[in-house]
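Below is one structure, written out as structure tokens; the observations come after it.
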Amino acid sequence: MVKAIKKNIPNAVTCLNLLSGCVGVVFAFRGQFDYVAFCMLASGLFDLMDGLIARVLRVSSAIGRELDSLADVVSFGLLPGLIYYQLLLQSDSSVSWLPYAGFIVTVFSALRLAKFNLDERQQSDFIGLNTPMNAFYVLSLPFIAQSSLMPGIGGLVTHPVFLLGSILITSWLLISEFRLFSMKLKSLSWQENKYKYLFLLLSAGLLLGLKLPAIPLILLLYFGLSFLHFRSR
């Protein structure tokens with residue numbers, strides 16, 4: 001009995017990820033992006049915790065891996081698709097069907113997750129942009145549009161041409177062959193993990209200074225430091 005409960009604790013945390021994503025979907029339909037941000041942040045936290053708890057408890061299950069991807073499809077696939085949908089709906093586009101293009105990122109997020117489950121090369125690092133990072137990038141767009149720290153940028157990120165281009169580029173990045181490091185640490189060695197540590201420190205500084213509008217800069221930093229990380233190995 002105790003063993004069964006212990007084995008399912010990570011799955012329960014994964015279900016909280018899914019629950020947060022579902023609530024976020026409701027707020028996204030209403031265009032309440034502040035609440036969407038709380039839900040996505042909660043999903044990201046639960047997504048991080050389920051793996052950590054599984055490693056600490058030394059438990060794993062086939063259903064846990066599948067459940068994790070199903071939860072991520074909602075929290076980091078459907079939810080960013082809805083954000084794009086709302087931004088395109090509120091843009092000055094005269095094309096009535098254009099908002100539905102937001103769900104292209106949902107489709108490619110599902111493809112990314114399916115590929116991740118089958119790709120044995122991604123045991124310790126990522127090949128292609130991971131869905132949480134992409135989802136947080138999409139989440140940042142309405143906050144950039146409202147930010148007083150970035151005057152003049154708001155009109156750009158809500159323009160339908162920019163949004164459509166962003167959808168297509170990030171969808172491609174999700175299934176690309178770019179190698180990106182994960183934050184799984186085999187040791188605490190500075191030499192082995194210096195680019196990961198730099199990423200954490202610089203990202204924290206950017207978030208403290210700019211908050212959510214900093215995420216596109218963090219995404220560029222992630223690609224740049226990942227390139228240096230793998231080049232140095």
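Chain labels run A, B, ... following the order of the structure tokens; each chain numbers its residues from 1, and ligands are numbered from 1 in the order shown.
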
Taking only residues of stretch 35-111 of chain A that have an atom at most 12 Å from an atom of stretch 208-212 of chain A, what is each one's shortest atom pair and its distance in Å to one decimal, using only C-alpha atoms, in chain and number order, as a Markdown table?
```
| residue | atom | partner | partner_atom | distance |
| --- | --- | --- | --- | --- |
| A:Ala37 | CA | A:Leu212 | CA | 9.0 |
| A:Phe38 | CA | A:Leu212 | CA | 11.5 |
| A:Met40 | CA | A:Leu212 | CA | 12.0 |
| A:Leu41 | CA | A:Leu212 | CA | 10.9 |
```

What lies within 10 Å of stretch 76-82 of chain A using only C-alpha atoms, ignoring chain neighbours under 5 positions off, as number ranges by chain?
A: 17-18, 21-29, 31, 36, 39-40, 43-44, 69-71, 87-88, 99-113, 130-139, 167

Going by DSSP on the backbone, which residues of chain A come out as strand (DSSP E or B)? List them as JSON, numbers by chain.
{"A": [125, 126, 127, 179, 180, 181]}

For the residues in the current selection, export N, CA and C atoms as a PDB file, in the first residue's frame.
```pdb
ATOM      1  N   ASP A 125      19.626  16.006 -22.451  1.00  0.00           N
ATOM      2  CA  ASP A 125      19.506  17.325 -23.059  1.00  0.00           C
ATOM      3  C   ASP A 125      18.339  17.328 -24.044  1.00  0.00           C
ATOM      4  N   PHE A 126      18.063  18.489 -24.637  1.00  0.00           N
ATOM      5  CA  PHE A 126      16.948  18.616 -25.569  1.00  0.00           C
ATOM      6  C   PHE A 126      17.453  18.734 -27.003  1.00  0.00           C
ATOM      7  N   ILE A 127      16.671  18.204 -27.905  1.00  0.00           N
ATOM      8  CA  ILE A 127      16.864  18.456 -29.338  1.00  0.00           C
ATOM      9  C   ILE A 127      15.586  19.126 -29.810  1.00  0.00           C
ATOM     10  N   ARG A 179      20.351  21.550 -30.641  1.00  0.00           N
ATOM     11  CA  ARG A 179      20.641  20.946 -29.337  1.00  0.00           C
ATOM     12  C   ARG A 179      20.621  22.042 -28.273  1.00  0.00           C
ATOM     13  N   LEU A 180      19.852  21.813 -27.221  1.00  0.00           N
ATOM     14  CA  LEU A 180      19.719  22.758 -26.119  1.00  0.00           C
ATOM     15  C   LEU A 180      19.928  22.015 -24.804  1.00  0.00           C
ATOM     16  N   PHE A 181      20.658  22.623 -23.894  1.00  0.00           N
ATOM     17  CA  PHE A 181      20.893  21.920 -22.631  1.00  0.00           C
ATOM     18  C   PHE A 181      19.643  21.932 -21.763  1.00  0.00           C
TER      19      PHE A 181
END
```

Atom CA of A:Ala114 to atom CA of A:Asn193, straight-line distance in Å
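Going from atom CA of A:Asn193 over to atom CA of A:Ala114 covers 28.1 Å.
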
As a PyMOL selection string, please: all residues of stretch 63-195 of chain A that backbone DSSP puts in alpha helix (DSSP H).
chain A and resi 63-73+79-90+104-118+131-146+154-157+160-174+190-195

Determine the nearest neighbour of A:Phe46 from the options A:Val74, A:Asn11, A:Ser226, A:Gln32, counting only C-alpha atoms.
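Of all the options, A:Asn11 lies closest to A:Phe46.
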
Of the candidates A:Lys115, A:His229, A:Lys7, A:Gly64, which one gets nearest to A:Gln191 if we count only C-alpha atoms?
A:His229

Give me, as a list of chain:residue names, all polymer residues having an atom no more than 9 Å from A:Ala214, counting only C-alpha atoms and skipping those fewer than 6 positions away in the same chain.
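Contacts, with the query itself left out: A:Ser140, A:Ile144, A:Ser203, A:Leu206, A:Leu207, A:Leu208.
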
Using only C-alpha atoms, find the one residue out of A:Leu52, A:Leu57, A:Leu16, A:Leu98 that sits nearest to A:Val161.
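Under the stated criterion, the closest residue is A:Leu98.
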
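Using only C-alpha atoms for every distance, the candidate list A:Gly152, A:Pro142, A:Gly51, A:Gly128 yields A:Gly128 as the residue closest to A:Ile175.
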
One residue among A:Ser20, A:Leu168, A:Val13, A:Ile83 is nearest to A:Asp50 when using only C-alpha atoms, and that residue is A:Val13

May I ask which of the residues A:Leu228, A:Leu129, A:Ile169, A:Ile218 is the closest one to A:Lys194, counting only C-alpha atoms?
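Using only C-alpha atoms, the shortest distance to A:Lys194 belongs to A:Leu228.
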